[in-house]
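Engineer: Following this message is one structure expressed as structure tokens.
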Amino acid sequence: MARQSFAYGDDRIEYEILFTPLKGNKVAIHVHPDGSVQVGAPDGKELPAIHRAVLRRARWIKSHVDECRRQRAQALPRTYRSGESLFYLGRRYQLKVKERSARDAAVKLMRGKIFVETPSRDPMVIRERLAGWYRTRAADVFERRLNEIVDHVVWLDRIPNWRLVRMQKQWGSCSPEGVILLNPHLVKAPRECVDYVICHELCHLQEHNHSPRYYRLLKQVMPHWESIKAKLDGMAELLLNE
């Protein structure tokens with residue numbers, strides 16, 4: 001990886017270059033939700049050529065960085081009132097709070113919104129109802145992704161023991177006993193990010209540290225894990241925000 005920057009008006013915008021073994025000469029530019037900029041470039045492409053490609057899209061980058069900053073300012077702190085943005089599998093949804101009787105209380109995803117139907121508009125009640133909904137969704141999504149991924153991991157013949165654990169700073173971990181722990185907040189991230197965290201922890205079943213052998217295993221099951229990790233890192237502040 002390498003870091004560069006460019007000036008646009010009164011701003012100086014930094015960007016991180018991630019070299020990948022992809023064929024072709026194309027430079028891909030991504031602005032993550034935290035406003036960080038990542039540039040994917042094929043191995044061997046020279047820095048001046050990458051910088052020129054970035055400058056050609058400087059206006060687009062600046063507008064997206066500004067939009068991310070605006071959205072982050074709106075997102076913090078959460079009030080759990082109608083109109084706020086929520087994430088699920090990498091997409092933004094609008095929160096809609098509706099009063100309902102206790103018997104009809106529910107959380108529903110439909111028409112681009114997440115509806116919380118509850119007899120109380122207390123923000124803490126809504127927060128806990130959403131936490132329960134995310135946990136239920138996470139259990140289903142993670143189970144399905146584990147089933148899919150394990151089929152392609154040669155050292156596993158079954159899904160390992162795993163469970164959900166709410167964590168403030170980690171997406172997942174692997175216990176010394178070989179139990180995979182996954183943060184239900186992870187279900188807010190794009191599916192490729194979910195897969196990256198699962199693969200990361202599955203590799204720890206073979207290598208319990210971050211040795212060169214560990215990273216060789218990770219690259220074997222997910223060749224482009226670096227760019228996906230960078231994407232998840234860029235979203236972390238928004239996704240972990242309660």
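Here's how to read the names in the structure tokens: chain A, B, ... by the order shown, residue numbers from 1 in each chain, ligand numbers from 1 in the order shown.
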Can you pull out every residue within 12 Å of region 55-65 of chain A, counting only C-alpha atoms, but drop anything in the same chain fewer than 5 positions away, and send it as a ChimeraX atom specification?
Structural biologist: /A:4-15,27-39,48-50,70-72
Engineer: Return as a VMD selection string the full set of residues in region 1-234 of chain A whose backbone-based DSSP assignment is alpha helix (DSSP H).
Structural biologist: chain A and resid 47 to 56 58 to 75 123 to 150 191 to 203 212 to 221 225 to 234
Engineer: Restricting the calculation to only C-alpha atoms, which member of A:Cys193, A:Met124, A:Leu130, A:Leu156 is positioned closest to Lys96 (chain A)?
Structural biologist: A:Leu130
Engineer: What does the distance between CA of Arg103 (chain A) and CA of Ala138 (chain A) come to in Å, to one decimal place?
Structural biologist: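 Those two atoms sit 24.3 Å apart.
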Engineer: Have a look at A:Arg121, A:His200, A:Arg163, A:Arg92 and name the one nearest to Leu181 (chain A); count only C-alpha atoms.
Structural biologist: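 Using only C-alpha atoms, Leu181 (chain A) sits closest to A:Arg163.
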Engineer: Smallest atom-to-atom distance to Arg137 (chain A): which of A:Ala2, A:Leu95, A:Ala102, A:Val187, using only C-alpha atoms?
Structural biologist: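 Among A:Ala2, A:Leu95, A:Ala102, A:Val187, it is A:Val187 that comes nearest to Arg137 (chain A).
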Engineer: For Tyr88 (chain A), please output as a PyMOL selection string all residues within 8 Å (counting only C-alpha atoms; exclusion window: fewer than 6 positions along the same chain).
Structural biologist: chain A and resi 187-190
